[in-house]
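Novice: Sending over upload_30.cif (mmCIF, C-alpha atoms).
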data_target
#
loop_
_atom_site.label_atom_id
_atom_site.label_comp_id
_atom_site.auth_asym_id
_atom_site.auth_seq_id
_atom_site.Cartn_x
_atom_site.Cartn_y
_atom_site.Cartn_z
CA MET A 200 -43.78 6.11 -47.09
CA GLY A 201 -41.39 6.83 -49.89
CA GLU A 202 -40.20 10.26 -48.75
CA GLU A 203 -36.83 11.22 -47.34
CA ARG A 204 -37.13 11.24 -43.56
CA LYS A 205 -35.93 14.04 -41.31
CA SER A 206 -36.04 13.60 -37.57
CA GLN A 207 -34.21 16.59 -36.10
CA ILE A 208 -36.04 18.15 -33.16
CA LYS A 209 -36.04 21.93 -33.46
CA LYS A 210 -34.41 23.76 -30.59
CA ILE A 211 -36.54 26.11 -28.48
CA GLN A 212 -34.34 29.04 -27.46
CA ALA A 213 -36.24 29.64 -24.22
CA THR A 214 -35.08 26.26 -22.91
CA SER A 215 -31.92 27.76 -21.41
CA HIS A 216 -34.09 30.21 -19.43
CA MET A 217 -36.23 27.34 -18.16
CA ARG A 218 -33.17 25.36 -17.07
CA LYS A 219 -31.94 28.34 -15.07
CA ILE A 220 -35.18 28.88 -13.13
CA MET A 221 -35.62 25.17 -12.53
CA SER A 222 -32.05 25.01 -11.21
CA ASP A 223 -32.75 27.95 -8.90
CA TYR A 224 -35.89 26.18 -7.70
CA PHE A 225 -34.13 22.95 -6.80
CA TYR A 226 -31.24 24.73 -5.10
CA SER A 227 -33.62 26.89 -3.06
CA MET A 228 -35.38 23.77 -1.79
CA ASP A 229 -32.08 22.11 -0.98
CA LYS A 230 -30.92 25.18 0.95
CA ALA A 231 -34.16 25.34 2.94
CA SER A 232 -33.95 21.64 3.76
CA LYS A 233 -30.37 21.89 4.97
CA GLU A 234 -30.85 25.11 6.97
CA GLY A 235 -34.27 24.28 8.39
CA ALA A 236 -35.87 27.49 7.14
CA PRO A 237 -38.11 28.23 5.43
CA LYS A 238 -40.10 25.07 6.06
CA VAL A 239 -40.51 22.53 3.26
CA ALA A 240 -43.92 21.20 2.21
CA TRP A 241 -44.44 18.31 -0.16
CA CYS A 242 -47.53 18.77 -2.30
CA THR A 243 -49.34 16.79 -4.96
CA SER A 244 -49.20 18.35 -8.42
CA VAL A 245 -52.74 19.75 -8.37
CA GLY A 246 -52.79 20.42 -4.65
CA PRO A 247 -53.07 23.68 -2.68
CA ALA A 248 -49.62 24.98 -3.59
CA GLU A 249 -50.80 28.60 -3.48
CA LEU A 250 -51.92 28.24 0.13
CA LEU A 251 -48.58 26.68 1.06
CA LEU A 252 -46.61 29.45 -0.66
CA SER A 253 -48.66 32.12 1.06
CA LEU A 254 -47.67 30.61 4.41
CA GLY A 255 -43.99 30.79 3.54
CA PHE A 256 -43.29 27.16 2.65
CA VAL A 257 -41.02 26.12 -0.19
CA VAL A 258 -42.83 23.39 -2.08
CA HIS A 259 -41.60 20.08 -3.47
CA PHE A 260 -43.76 18.04 -5.85
CA PRO A 261 -43.05 14.28 -5.72
CA GLU A 262 -44.96 13.75 -8.97
CA ASN A 263 -42.50 16.07 -10.67
CA HIS A 264 -39.69 14.00 -9.21
CA GLY A 265 -41.46 10.92 -10.58
CA ALA A 266 -41.44 12.50 -14.05
CA VAL A 267 -37.71 13.24 -13.67
CA LEU A 268 -37.12 9.59 -12.78
CA GLY A 269 -39.09 8.57 -15.87
CA SER A 270 -37.47 10.97 -18.32
CA THR A 271 -33.97 10.02 -17.15
CA ARG A 272 -34.93 6.32 -17.36
CA THR A 273 -33.69 5.75 -13.83
CA ALA A 274 -37.20 4.72 -12.77
CA MET A 275 -36.42 1.19 -13.91
CA ASP A 276 -33.73 0.97 -11.21
CA PHE A 277 -36.17 1.92 -8.47
CA ILE A 278 -39.58 0.41 -9.26
CA PRO A 279 -38.49 -3.14 -8.29
CA VAL A 280 -37.23 -1.79 -4.94
CA ALA A 281 -40.73 -0.57 -4.06
CA ASN A 282 -42.23 -3.81 -5.38
CA ALA A 283 -39.96 -5.70 -2.98
CA ILE A 284 -41.49 -3.97 0.07
CA GLY A 285 -45.02 -4.84 -1.00
CA TYR A 286 -46.10 -2.23 -3.54
CA SER A 287 -47.78 -3.88 -6.52
CA PRO A 288 -46.25 -3.38 -9.99
CA ASP A 289 -49.80 -2.48 -11.08
CA ILE A 290 -50.01 0.75 -9.07
CA CYS A 291 -48.71 4.20 -10.05
CA SER A 292 -45.14 3.95 -11.31
CA TYR A 293 -44.54 7.54 -10.18
CA LEU A 294 -45.19 6.24 -6.66
CA THR A 295 -43.10 3.09 -6.96
CA SER A 296 -40.16 4.79 -8.67
CA ASP A 297 -40.16 7.67 -6.17
CA VAL A 298 -40.41 5.36 -3.13
CA GLY A 299 -37.72 3.11 -4.58
CA SER A 300 -35.50 6.13 -5.18
CA PHE A 301 -35.94 7.16 -1.54
CA ILE A 302 -35.15 3.68 -0.24
CA LYS A 303 -31.97 3.51 -2.32
CA ASN A 304 -31.08 7.13 -1.43
CA ASP A 305 -30.43 7.80 -5.09
CA THR A 306 -31.86 10.47 -7.38
CA PRO A 307 -30.82 12.00 -10.71
CA LEU A 308 -31.13 15.42 -9.04
CA THR A 309 -27.67 14.86 -7.51
CA LYS A 310 -26.12 14.55 -10.97
CA ALA A 311 -28.09 17.40 -12.52
CA TYR A 312 -27.45 19.80 -9.65
CA PRO A 313 -24.01 19.41 -8.02
CA GLY A 314 -24.15 19.90 -4.26
CA ILE A 315 -27.68 18.56 -3.88
CA ASP A 316 -27.62 15.33 -1.87
CA GLY A 317 -31.22 14.29 -2.49
CA VAL A 318 -34.82 15.45 -2.40
CA PRO A 319 -35.56 17.95 0.40
CA LYS A 320 -36.77 16.50 3.69
CA PRO A 321 -40.39 17.56 4.30
CA ASP A 322 -41.79 19.33 7.34
CA VAL A 323 -45.33 18.51 6.20
CA LEU A 324 -46.99 16.47 3.45
CA VAL A 325 -50.14 17.84 1.78
CA PHE A 326 -52.13 15.87 -0.80
CA ASN A 327 -55.24 16.33 -2.89
CA THR A 328 -56.90 13.18 -4.24
CA ASN A 329 -58.22 14.99 -7.33
CA GLN A 330 -55.44 13.33 -9.35
CA CYS A 331 -55.94 9.84 -7.94
CA ARG A 332 -56.23 7.72 -4.80
CA ASP A 333 -52.57 6.66 -5.05
CA VAL A 334 -51.23 10.05 -3.92
CA GLN A 335 -52.84 9.55 -0.52
CA ASP A 336 -51.12 6.20 0.02
CA TRP A 337 -47.89 7.63 -1.39
CA PHE A 338 -47.83 10.48 1.13
CA MET A 339 -49.01 8.25 3.97
CA TRP A 340 -45.98 6.02 3.41
CA TYR A 341 -43.64 8.99 3.76
CA ALA A 342 -45.52 10.21 6.82
CA ARG A 343 -44.85 6.88 8.52
CA GLU A 344 -41.30 6.57 7.26
CA LEU A 345 -40.22 10.10 8.16
CA ASN A 346 -42.55 10.72 11.11
CA VAL A 347 -43.87 13.85 9.41
CA PRO A 348 -47.45 15.18 9.64
CA VAL A 349 -49.68 14.57 6.63
CA LEU A 350 -52.73 16.65 5.68
CA GLY A 351 -55.09 16.10 2.82
CA ILE A 352 -58.07 17.10 0.74
CA THR A 353 -60.45 14.41 -0.46
CA SER A 354 -61.92 15.39 -3.80
CA TYR A 355 -65.01 14.31 -5.67
CA ARG A 356 -64.74 12.01 -8.68
CA ASN A 357 -66.72 11.32 -11.87
CA LEU A 358 -68.32 14.75 -11.87
CA GLY A 359 -70.62 16.08 -14.55
CA ASP A 360 -71.95 19.42 -13.39
CA ILE A 361 -70.01 20.85 -10.48
CA ARG A 362 -72.52 21.92 -7.85
CA LYS A 363 -72.39 24.41 -5.01
CA GLU A 364 -72.11 21.68 -2.40
CA HIS A 365 -69.06 20.22 -4.14
CA LEU A 366 -67.25 23.54 -3.95
CA GLU A 367 -68.34 24.25 -0.40
CA GLY A 368 -66.97 20.87 0.67
CA ILE A 369 -63.56 21.62 -0.83
CA VAL A 370 -63.48 25.15 0.60
CA HIS A 371 -64.22 23.75 4.06
CA GLN A 372 -61.31 21.32 3.71
CA LEU A 373 -58.96 24.03 2.43
CA LYS A 374 -59.71 26.31 5.34
CA GLY A 375 -59.25 23.39 7.71
CA LEU A 376 -55.62 23.10 6.57
CA ILE A 377 -54.73 26.58 7.80
CA PRO A 378 -54.39 26.09 11.60
CA PRO A 379 -52.00 23.10 11.40
CA LEU A 380 -50.03 24.72 8.57
CA GLU A 381 -49.67 27.93 10.59
CA LYS A 382 -48.25 25.92 13.46
CA ILE A 383 -45.79 24.02 11.25
CA SER A 384 -44.65 27.05 9.25
CA GLY A 385 -44.47 29.42 12.21
CA ASN A 386 -46.32 32.01 10.12
CA SER A 387 -49.82 33.40 10.45
CA PHE A 388 -52.19 33.15 7.52
CA ASP A 389 -52.49 36.45 5.63
CA ILE A 390 -55.41 36.73 3.21
CA ASP A 391 -53.69 39.49 1.24
CA ARG A 392 -50.59 37.36 0.80
CA PHE A 393 -52.82 34.50 -0.34
CA ARG A 394 -54.54 36.77 -2.85
CA HIS A 395 -51.15 37.89 -4.18
CA VAL A 396 -49.94 34.33 -4.73
CA MET A 397 -53.23 33.45 -6.42
CA ASP A 398 -52.79 36.42 -8.73
CA LEU A 399 -49.32 35.19 -9.69
CA SER A 400 -50.70 31.70 -10.36
CA LYS A 401 -53.49 33.19 -12.46
CA GLN A 402 -50.97 35.07 -14.60
CA CYS A 403 -48.86 31.93 -14.97
CA THR A 404 -51.75 29.74 -16.03
CA THR A 405 -53.06 32.37 -18.47
CA LEU A 406 -49.68 32.56 -20.17
CA TRP A 407 -49.33 28.77 -20.26
CA LYS A 408 -52.74 28.54 -21.95
CA LYS A 409 -51.61 31.08 -24.57
CA VAL A 410 -48.43 29.05 -25.12
CA LEU A 411 -50.46 25.93 -25.87
CA GLU A 412 -52.89 27.87 -28.05
CA THR A 413 -50.09 28.93 -30.41
CA ASN A 414 -50.56 25.42 -31.81
CA LYS A 415 -53.78 26.53 -33.47
CA ALA A 416 -51.43 27.97 -36.10
CA LEU A 417 -50.62 26.04 -39.27
CA PRO A 418 -48.04 24.59 -38.91
CA ALA A 419 -47.97 24.20 -35.12
CA PRO A 420 -44.83 25.66 -33.47
CA LEU A 421 -44.78 23.38 -30.40
CA SER A 422 -44.98 19.59 -30.14
CA PHE A 423 -46.68 17.72 -27.31
CA PHE A 424 -43.30 16.22 -26.45
CA ASP A 425 -41.72 19.65 -26.02
CA ALA A 426 -44.75 20.89 -24.09
CA THR A 427 -44.41 18.13 -21.49
CA ILE A 428 -40.99 19.56 -20.63
CA HIS A 429 -41.90 23.24 -20.83
CA MET A 430 -44.92 22.76 -18.54
CA GLY A 431 -42.44 22.23 -15.69
CA PRO A 432 -42.62 25.82 -14.37
CA ALA A 433 -46.45 25.72 -14.45
CA VAL A 434 -46.31 22.64 -12.23
CA VAL A 435 -43.62 23.56 -9.68
CA LEU A 436 -43.30 27.36 -9.92
CA ARG A 437 -46.85 28.61 -10.33
CA GLY A 438 -47.45 31.32 -7.75
CA THR A 439 -44.05 32.90 -8.49
CA GLU A 440 -42.77 35.74 -10.66
CA ALA A 441 -40.18 33.37 -12.16
CA ALA A 442 -42.85 31.29 -13.90
CA ILE A 443 -44.57 34.37 -15.31
CA ASP A 444 -41.31 35.78 -16.66
CA TYR A 445 -40.47 32.46 -18.26
CA TYR A 446 -43.78 32.00 -20.07
CA ARG A 447 -43.61 35.53 -21.44
CA VAL A 448 -40.28 34.63 -23.05
CA LEU A 449 -41.54 31.28 -24.35
CA LEU A 450 -44.79 32.77 -25.66
CA ALA A 451 -42.97 35.50 -27.58
CA GLU A 452 -40.71 32.92 -29.23
CA LEU A 453 -43.60 30.65 -30.22
CA GLU A 454 -45.66 33.54 -31.56
CA GLU A 455 -42.71 34.51 -33.75
CA ARG A 456 -42.40 30.94 -34.98
CA ALA A 457 -46.12 30.76 -35.70
CA ALA A 458 -46.02 34.03 -37.66
CA ALA A 459 -43.05 32.75 -39.65
CA LYS A 460 -44.82 29.41 -40.26
CA ASP A 461 -41.91 27.65 -38.61
CA GLY A 462 -43.50 24.44 -37.38
CA ALA A 463 -42.16 21.98 -34.85
CA VAL A 464 -42.59 19.33 -37.57
CA GLU A 465 -41.08 20.29 -40.91
CA GLY A 466 -43.60 19.71 -43.69
CA GLU A 467 -46.46 19.06 -41.25
CA LYS A 468 -49.11 16.90 -42.92
CA PHE A 469 -51.23 15.62 -40.05
CA ARG A 470 -52.20 16.94 -36.61
CA LEU A 471 -52.91 14.59 -33.70
CA TYR A 472 -54.21 14.67 -30.16
CA TRP A 473 -52.44 12.76 -27.36
CA GLU A 474 -54.83 11.51 -24.70
CA GLY A 475 -53.27 10.31 -21.45
CA MET A 476 -49.89 10.41 -19.78
CA PRO A 477 -46.56 10.83 -21.58
CA ILE A 478 -44.22 7.87 -21.89
CA TRP A 479 -41.45 9.74 -20.13
CA GLY A 480 -38.56 7.48 -21.02
CA LYS A 481 -39.40 7.64 -24.74
CA LEU A 482 -40.17 11.33 -25.30
CA ARG A 483 -37.25 11.96 -27.65
CA SER A 484 -37.63 8.71 -29.54
CA LEU A 485 -41.34 9.30 -30.16
CA ALA A 486 -40.83 12.97 -31.01
CA GLU A 487 -38.29 12.05 -33.67
CA PHE A 488 -40.50 9.30 -35.02
CA PHE A 489 -43.47 11.62 -35.50
CA ILE A 490 -41.20 14.15 -37.21
CA GLU A 491 -40.15 11.40 -39.64
CA LEU A 492 -43.82 10.80 -40.35
CA LYS A 493 -44.45 14.54 -40.84
CA THR A 494 -47.11 14.21 -38.18
CA ALA A 495 -47.48 16.80 -35.40
CA VAL A 496 -48.83 15.79 -32.00
CA ILE A 497 -50.02 19.22 -30.91
CA ALA A 498 -52.82 19.00 -28.33
CA SER A 499 -53.40 16.96 -25.18
CA THR A 500 -55.40 16.81 -22.00
CA TYR A 501 -52.20 16.25 -20.02
CA CYS A 502 -50.56 19.60 -20.78
CA ASN A 503 -53.90 21.38 -20.41
CA SER A 504 -54.14 20.04 -16.85
CA TRP A 505 -52.29 23.12 -15.62
CA ILE A 506 -54.68 25.64 -17.12
CA PHE A 507 -56.71 27.05 -14.23
CA ASP A 508 -58.99 29.67 -15.76
CA ASP A 509 -61.07 29.92 -12.60
CA PHE A 510 -58.35 31.33 -10.33
CA ASP A 511 -59.62 34.62 -8.92
CA PRO A 512 -57.57 36.57 -6.34
CA ASP A 513 -60.74 38.35 -5.22
CA ASP A 514 -62.25 35.04 -4.12
CA PRO A 515 -59.22 32.82 -3.55
CA PHE A 516 -60.76 29.92 -1.61
CA LEU A 517 -63.81 29.39 -3.80
CA SER A 518 -61.90 29.90 -7.03
CA MET A 519 -59.16 27.47 -5.95
CA ALA A 520 -61.83 24.91 -5.06
CA ARG A 521 -63.46 25.38 -8.46
CA ALA A 522 -60.20 25.28 -10.42
CA TYR A 523 -58.90 22.15 -8.70
CA THR A 524 -62.28 20.40 -8.94
CA GLN A 525 -62.86 21.12 -12.64
CA ILE A 526 -59.77 19.33 -13.92
CA PHE A 527 -60.31 16.78 -16.67
CA ILE A 528 -59.31 13.72 -14.66
CA VAL A 529 -62.18 14.00 -12.14
CA ARG A 530 -64.94 14.57 -14.70
CA ASP A 531 -67.46 12.11 -16.12
CA GLU A 532 -67.32 10.48 -19.55
CA ASN A 533 -69.74 12.92 -21.18
CA TYR A 534 -67.68 15.90 -20.08
CA LYS A 535 -64.43 14.29 -21.25
CA GLU A 536 -65.80 13.44 -24.68
CA SER A 537 -67.17 16.95 -25.13
CA TYR A 538 -63.84 18.44 -24.03
CA ILE A 539 -61.87 16.38 -26.55
CA GLN A 540 -64.36 17.19 -29.30
CA ASP A 541 -63.87 20.91 -28.65
CA LEU A 542 -60.09 20.55 -28.96
CA VAL A 543 -60.43 18.58 -32.19
CA ASP A 544 -62.41 21.47 -33.64
CA GLN A 545 -60.15 24.21 -32.28
CA TYR A 546 -56.89 22.66 -33.44
CA GLY A 547 -58.03 21.08 -36.71
CA LEU A 548 -56.99 17.58 -35.65
CA HIS A 549 -56.94 14.58 -37.98
CA GLY A 550 -56.80 11.80 -35.39
CA LEU A 551 -56.72 10.85 -31.72
CA LEU A 552 -53.98 8.81 -30.06
CA PHE A 553 -54.85 7.22 -26.70
CA HIS A 554 -52.07 6.06 -24.38
CA ASP A 555 -53.24 3.19 -22.18
CA ALA A 556 -50.81 3.57 -19.26
CA LYS A 557 -50.60 0.26 -17.41
CA THR A 558 -50.16 1.78 -13.92
CA CYS A 559 -52.29 4.90 -14.40
CA PRO A 560 -55.94 3.92 -14.96
CA ASN A 561 -57.12 7.36 -13.84
CA ASN A 562 -55.35 8.97 -16.79
CA SER A 563 -56.17 6.23 -19.32
CA ASN A 564 -59.51 7.00 -20.93
CA ASN A 565 -59.53 4.28 -23.59
CA ARG A 566 -60.76 1.42 -21.40
CA TYR A 567 -64.52 1.91 -21.58
CA GLY A 568 -65.16 2.55 -25.25
CA MET A 569 -64.33 6.26 -25.48
CA PRO A 570 -62.09 5.96 -28.57
CA GLU A 571 -64.79 4.11 -30.48
CA ARG A 572 -67.50 6.57 -29.43
CA LEU A 573 -65.38 9.56 -30.46
CA GLU A 574 -64.41 7.93 -33.75
CA ASN A 575 -68.08 7.44 -34.60
CA LYS A 576 -69.06 10.90 -33.41
CA LEU A 577 -66.21 12.89 -34.98
CA GLY A 578 -65.50 10.83 -38.07
CA ILE A 579 -61.76 10.73 -37.44
CA PRO A 580 -59.65 7.66 -36.63
CA THR A 581 -58.29 6.74 -33.21
CA LEU A 582 -55.37 4.60 -32.11
CA THR A 583 -54.57 3.12 -28.70
CA ILE A 584 -50.97 2.33 -27.78
CA ASN A 585 -50.07 0.36 -24.66
CA GLY A 586 -47.35 1.57 -22.36
CA ASP A 587 -46.79 3.36 -19.09
CA LEU A 588 -45.61 6.68 -17.72
CA ASN A 589 -42.45 5.29 -16.07
CA ASP A 590 -42.39 1.48 -16.28
CA LEU A 591 -40.85 0.77 -19.67
CA ARG A 592 -41.40 -2.97 -19.21
CA CYS A 593 -45.00 -2.20 -20.22
CA PHE A 594 -44.03 -0.57 -23.52
CA SER A 595 -42.99 -2.25 -26.75
CA GLU A 596 -41.43 0.53 -28.80
CA GLU A 597 -41.27 -1.58 -31.94
CA GLN A 598 -44.93 -2.54 -31.74
CA ALA A 599 -46.01 1.03 -30.92
CA LYS A 600 -44.09 2.48 -33.86
CA THR A 601 -45.48 -0.14 -36.22
CA ASN A 602 -49.01 0.73 -35.10
CA ILE A 603 -48.39 4.47 -35.33
CA GLU A 604 -46.95 4.15 -38.82
CA ALA A 605 -49.98 2.14 -39.94
CA PHE A 606 -52.23 4.78 -38.35
CA VAL A 607 -50.54 7.56 -40.32
CA GLU A 608 -50.91 5.49 -43.49
CA GLN A 609 -54.63 5.33 -42.69
CA LEU A 610 -54.68 9.13 -42.43
CA GLU A 611 -52.96 9.29 -45.82
CA ALA A 612 -55.59 6.99 -47.31
CA ASN A 613 -58.41 9.05 -45.84
CA ARG A 614 -56.98 12.18 -47.42
CA VAL A 615 -56.98 10.75 -50.95
#
Re-express the file's structure as structure tokens.

Specialist:
Amino acid sequence: MGEERKSQIKKIQATSHMRKIMSDYFYSMDKASKEGAPKVAWCTSVGPAELLLSLGFVVHFPENHGAVLGSTRTAMDFIPVANAIGYSPDICSYLTSDVGSFIKNDTPLTKAYPGIDGVPKPDVLVFNTNQCRDVQDWFMWYARELNVPVLGITSYRNLGDIRKEHLEGIVHQLKGLIPPLEKISGNSFDIDRFRHVMDLSKQCTTLWKKVLETNKALPAPLSFFDATIHMGPAVVLRGTEAAIDYYRVLLAELEERAAAKDGAVEGEKFRLYWEGMPIWGKLRSLAEFFIELKTAVIASTYCNSWIFDDFDPDDPFLSMARAYTQIFIVRDENYKESYIQDLVDQYGLHGLLFHDAKTCPNNSNNRYGMPERLENKLGIPTLTINGDLNDLRCFSEEQAKTNIEAFVEQLEANRV
């Protein structure tokens, strides 16, 4: 493209704060697992974590561990192990890498956090199928392997309007979890404690939304690739003061950067949307490549998945049901297209990049013509790259970068 390329990723000062609270989180789970108290619950990423916290559990999120395996590129050591016991290479590579890690008794957590021997042993497994069907099978495998009780919520899929009966069905399932969880935790359910945890989660999610919305500024202060890392506390620490404190610090820093016009991409020329899962093992490589192209990837459905505007401590069961049933992944095509269109308008985006993740069809929205429909509707170009969240055998970096570079050249031509 004829211009001198710069690929240095700008440091976010709040990162050291995040590392500290994430370290505290992992050590607290390890301590509980070793001492037998408090009890440990495993939960899917958009599962009833607030209910579990209110009953005194410490909560581990296997999907977060899957992302750790992907970002450290150790997933490639473990996926074949799960394939060898019968799990298809076509199913969720979070699942296969996590199961393979368990079978090999090996996790990058032991290197990152000295003294931790592995993931915490669960006292109960709690899933919500709003993310996908695979989480149910994932947790069922552990239930059989560890002889641990498993509880679950079966969510609705392909929803347009969310109706009263949908919410009532989820509320009924949520309340049905309480008696067995009381027995396992040894604690009685306290509605006021539940309301308090919901209030903390509401504050967390509100701050996280404000963090992402700083990218409405020109230039945008936060890249999608940074956001996938800094969403960690919203995933595993929502419902705690630690997450709220962290996002206040991060928000203040990003607001300062926005005011100073200090963008994540120096000389930002184009602004893109990332639809689908991250390619965890290539975050840095892709971030640097987009910086070279002076192109900022600044909005996504993935990072927005932990914005729960509907949380309401005054009506915790119904609001949790609504929040966890309104997430993007369970909605119909019309809703998804409208949602993306709104973000294009809000963030002044020049193009849409779809990631077709081989093992994650539920989070790959390019397969039934959506990119073409949006391109015709919005008048901006789209690009689909093939890859996966964890299985790097599905991703050709050279081909992806060639396609991305050609896409940015198309944006340049459209501007002239």

Novice: Nearest residue to Leu250 in chain A out of A:Glu381, A:Asp276, A:Asp229, A:Asp360, using only C-alpha atoms?

Specialist: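 Smallest separation from Leu250 in chain A among the options: A:Glu381.
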
Novice: Could you tell me how far CA of Phe516 in chain A lies from CA of Leu350 in chain A, in Å and to one decimal?

Specialist: 17.1 Å

Novice: How many Å lie between CA of Lys209 in chain A and CA of Trp407 in chain A, rounded to one decimal?

Specialist: 19.9 Å

Novice: Evaluate the PyMOL selection byres ((chain A and resi 392-394) around 12) and record the selected residues as a ChimeraX atom specification, following the chain and residue labels used in the document.

Specialist: /A:247-255,377,386-391,395-401,438,510-519

Novice: For each of A:Ala486, A:Cys242, A:Val607, A:Leu358, take the minimum atom-to-atom distance to Gln335 in chain A, counting all atoms listed in the file, then give the residue where this is smallest.

Specialist: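 Result for the nearest residue to Gln335 in chain A: A:Cys242.
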
Novice: Specify as a VMD selection string each residue included when the PyMOL selection byres ((chain A and resi 468) around 6) is applied to this file.

Specialist: chain A and resid 467 469 493 to 494

Novice: Find the residue from A:Leu551, A:Ile579, A:Ile315, A:Cys559 that sits nearest to Ala498 in chain A; use only C-alpha atoms when measuring.

Specialist: A:Leu551

Novice: What separation in Å, quoted to one decimal, exists between CA of Met228 in chain A and CA of Asn589 in chain A?

Specialist: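 The value is 24.4 Å.
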
Novice: With N, CA and C atoms as the goal, would you fill in the gaps in range 264-281 of chain A and present it as a PDB file, in the coordinates of the input?

Specialist:
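After the write, selection39.pdb holds the following:
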ATOM      1  N   HIS A 264     -40.866  14.857  -9.361  1.00  0.00           N
ATOM      2  CA  HIS A 264     -39.690  14.000  -9.210  1.00  0.00           C
ATOM      3  C   HIS A 264     -39.908  12.664  -9.914  1.00  0.00           C
ATOM      4  N   GLY A 265     -41.143  12.143  -9.864  1.00  0.00           N
ATOM      5  CA  GLY A 265     -41.460  10.920 -10.580  1.00  0.00           C
ATOM      6  C   GLY A 265     -41.246  11.079 -12.073  1.00  0.00           C
ATOM      7  N   ALA A 266     -41.648  12.237 -12.626  1.00  0.00           N
ATOM      8  CA  ALA A 266     -41.440  12.500 -14.050  1.00  0.00           C
ATOM      9  C   ALA A 266     -39.954  12.590 -14.377  1.00  0.00           C
ATOM     10  N   VAL A 267     -39.167  13.179 -13.475  1.00  0.00           N
ATOM     11  CA  VAL A 267     -37.710  13.240 -13.670  1.00  0.00           C
ATOM     12  C   VAL A 267     -37.129  11.835 -13.702  1.00  0.00           C
ATOM     13  N   LEU A 268     -37.588  10.967 -12.800  1.00  0.00           N
ATOM     14  CA  LEU A 268     -37.120   9.590 -12.780  1.00  0.00           C
ATOM     15  C   LEU A 268     -37.483   8.880 -14.082  1.00  0.00           C
ATOM     16  N   GLY A 269     -38.676   9.185 -14.613  1.00  0.00           N
ATOM     17  CA  GLY A 269     -39.090   8.570 -15.870  1.00  0.00           C
ATOM     18  C   GLY A 269     -38.303   9.070 -17.048  1.00  0.00           C
ATOM     19  N   SER A 270     -38.136  10.390 -17.151  1.00  0.00           N
ATOM     20  CA  SER A 270     -37.470  10.970 -18.320  1.00  0.00           C
ATOM     21  C   SER A 270     -35.981  10.642 -18.360  1.00  0.00           C
ATOM     22  N   THR A 271     -35.378  10.412 -17.196  1.00  0.00           N
ATOM     23  CA  THR A 271     -33.970  10.020 -17.150  1.00  0.00           C
ATOM     24  C   THR A 271     -33.796   8.503 -17.216  1.00  0.00           C
ATOM     25  N   ARG A 272     -34.895   7.782 -17.284  1.00  0.00           N
ATOM     26  CA  ARG A 272     -34.930   6.320 -17.360  1.00  0.00           C
ATOM     27  C   ARG A 272     -34.306   5.643 -16.138  1.00  0.00           C
ATOM     28  N   THR A 273     -34.180   6.371 -15.070  1.00  0.00           N
ATOM     29  CA  THR A 273     -33.690   5.750 -13.830  1.00  0.00           C
ATOM     30  C   THR A 273     -34.814   5.067 -13.064  1.00  0.00           C
ATOM     31  N   ALA A 274     -36.052   5.340 -13.451  1.00  0.00           N
ATOM     32  CA  ALA A 274     -37.200   4.720 -12.770  1.00  0.00           C
ATOM     33  C   ALA A 274     -37.080   3.204 -12.754  1.00  0.00           C
ATOM     34  N   MET A 275     -36.513   2.644 -13.812  1.00  0.00           N
ATOM     35  CA  MET A 275     -36.420   1.190 -13.910  1.00  0.00           C
ATOM     36  C   MET A 275     -35.484   0.599 -12.862  1.00  0.00           C
ATOM     37  N   ASP A 276     -34.598   1.432 -12.301  1.00  0.00           N
ATOM     38  CA  ASP A 276     -33.730   0.970 -11.210  1.00  0.00           C
ATOM     39  C   ASP A 276     -34.463   0.934  -9.873  1.00  0.00           C
ATOM     40  N   PHE A 277     -35.540   1.705  -9.770  1.00  0.00           N
ATOM     41  CA  PHE A 277     -36.170   1.920  -8.470  1.00  0.00           C
ATOM     42  C   PHE A 277     -37.507   1.216  -8.294  1.00  0.00           C
ATOM     43  N   ILE A 278     -38.259   1.034  -9.375  1.00  0.00           N
ATOM     44  CA  ILE A 278     -39.580   0.410  -9.260  1.00  0.00           C
ATOM     45  C   ILE A 278     -39.495  -0.958  -8.578  1.00  0.00           C
ATOM     46  N   PRO A 279     -38.550  -1.828  -8.958  1.00  0.00           N
ATOM     47  CA  PRO A 279     -38.490  -3.140  -8.290  1.00  0.00           C
ATOM     48  C   PRO A 279     -38.197  -3.051  -6.790  1.00  0.00           C
ATOM     49  N   VAL A 280     -37.523  -1.968  -6.355  1.00  0.00           N
ATOM     50  CA  VAL A 280     -37.230  -1.790  -4.940  1.00  0.00           C
ATOM     51  C   VAL A 280     -38.525  -1.586  -4.160  1.00  0.00           C
ATOM     52  N   ALA A 281     -39.427  -0.773  -4.712  1.00  0.00           N
ATOM     53  CA  ALA A 281     -40.730  -0.570  -4.060  1.00  0.00           C
ATOM     54  C   ALA A 281     -41.585  -1.828  -4.151  1.00  0.00           C
TER      55      ALA A 281
END
